[in-house]
Amino acid sequence: MDKHERPDAGTIRLDDPWYDALAVGWGEGEGEGEYPAPPRPAAGGRAAPGASDIYLEVQRSAAFQEVRSRYRRFVVPATAGFFLWYVAYVVAATMAPGIMARPVIGAVNVALLAGLGQFLSTFLLTWAYARHARLRRDRAALDLRWTVFEQERGQGRIRTREAGR
């Protein structure tokens with residue numbers, strides 16, 4: 001039996017934290033012009049928190065702010081440094097052609113080495129970014145993702161219980 005012929009071939013696992021619930025079902029109502037029902041009041045009389053409330057709560061959390069500050073502490077200096085290195089190369093190529101044309105080894109000159117250095121620095125910066133993300137941000141971001149997932153799942157259970165009443 002082909003994998004596409006299974007009964008669950010088109011289903012998405014909802015217990016996957018990377019599942020994007022907002023993208024699935026966009027504009028797919030039961031009928032034309034239907035919108036999802038607004039959250040009903042919980043047992044205590046308050047409205048059950050919606051997805052936007054959950055995301056705002058996470059955005060205001062100290063863990064999220066720490067992930068963002070770690071990201072900025074790496075990206076801002078790295079971007080500024082790379083931009084300065086690029087501008088220095090362009091300025092040197094236009095303003096100091098004599099220096100850039102100076103031979104280093106045979107037909108290899110300073111401009112060629114600096115141009116290859118641009119490629120090398122791009123690869124090094126990509127490696128440094130991936131390493132920084134893996135060591136300093138990915139685990140915390142995944143923890144935040146699981147927190148949101150668990151809150152949304154709990155919210156879904158509350159709505160299911162209330163719908164059954």
# chains A, B, ... in the order shown; residues from 1 in each chain; ligands from 1
call {"tool": "select_by_dssp", "arguments": {"residues": "region 35-146 of chain A", "states": "strand (DSSP E)", "output": "number ranges by chain"}}
result
A: 103-105, 108-109
call {"tool": "residues_around", "arguments": {"residues": "region 116-124 of chain A", "least_positions_apart": "4", "cutoff": "10 Å", "atoms": "only C-alpha atoms", "output": "PDB file with N, CA and C atoms, in the first residue's frame"}}
result
ATOM      1  N   PHE A  82      30.158  43.661   9.469  1.00  0.00           N
ATOM      2  CA  PHE A  82      30.204  43.184   8.093  1.00  0.00           C
ATOM      3  C   PHE A  82      29.960  44.326   7.117  1.00  0.00           C
ATOM      4  N   TRP A  85      33.102  46.364   6.830  1.00  0.00           N
ATOM      5  CA  TRP A  85      34.093  45.615   6.060  1.00  0.00           C
ATOM      6  C   TRP A  85      33.775  45.704   4.569  1.00  0.00           C
ATOM      7  N   TYR A  86      32.503  45.597   4.210  1.00  0.00           N
ATOM      8  CA  TYR A  86      32.096  45.695   2.816  1.00  0.00           C
ATOM      9  C   TYR A  86      32.345  47.100   2.272  1.00  0.00           C
ATOM     10  N   TYR A  89      35.975  47.758   1.664  1.00  0.00           N
ATOM     11  CA  TYR A  89      36.427  47.115   0.425  1.00  0.00           C
ATOM     12  C   TYR A  89      36.054  47.961  -0.797  1.00  0.00           C
ATOM     13  N   VAL A 110      46.031  42.480  -4.018  1.00  0.00           N
ATOM     14  CA  VAL A 110      45.319  42.797  -2.777  1.00  0.00           C
ATOM     15  C   VAL A 110      43.809  42.794  -3.002  1.00  0.00           C
ATOM     16  N   ALA A 111      43.349  43.331  -4.137  1.00  0.00           N
ATOM     17  CA  ALA A 111      41.914  43.384  -4.429  1.00  0.00           C
ATOM     18  C   ALA A 111      41.317  41.979  -4.514  1.00  0.00           C
ATOM     19  N   LEU A 112      42.017  41.063  -5.147  1.00  0.00           N
ATOM     20  CA  LEU A 112      41.520  39.701  -5.253  1.00  0.00           C
ATOM     21  C   LEU A 112      41.442  39.042  -3.881  1.00  0.00           C
ATOM     22  N   ALA A 128      29.090  31.499  12.489  1.00  0.00           N
ATOM     23  CA  ALA A 128      29.025  32.088  13.833  1.00  0.00           C
ATOM     24  C   ALA A 128      27.575  32.328  14.250  1.00  0.00           C
ATOM     25  N   TYR A 129      26.746  32.779  13.315  1.00  0.00           N
ATOM     26  CA  TYR A 129      25.332  33.006  13.631  1.00  0.00           C
ATOM     27  C   TYR A 129      24.641  31.688  13.984  1.00  0.00           C
ATOM     28  N   ALA A 130      24.858  30.662  13.183  1.00  0.00           N
ATOM     29  CA  ALA A 130      24.234  29.364  13.449  1.00  0.00           C
ATOM     30  C   ALA A 130      24.707  28.796  14.786  1.00  0.00           C
TER      31      ALA A 130
END
call {"tool": "residues_around", "arguments": {"residues": "Ile99 (chain A)", "least_positions_apart": "3", "cutoff": "12 Å", "atoms": "only C-alpha atoms", "output": "PyMOL selection string"}}
result
chain A and resi 89+91-96+102-104+109-112+114
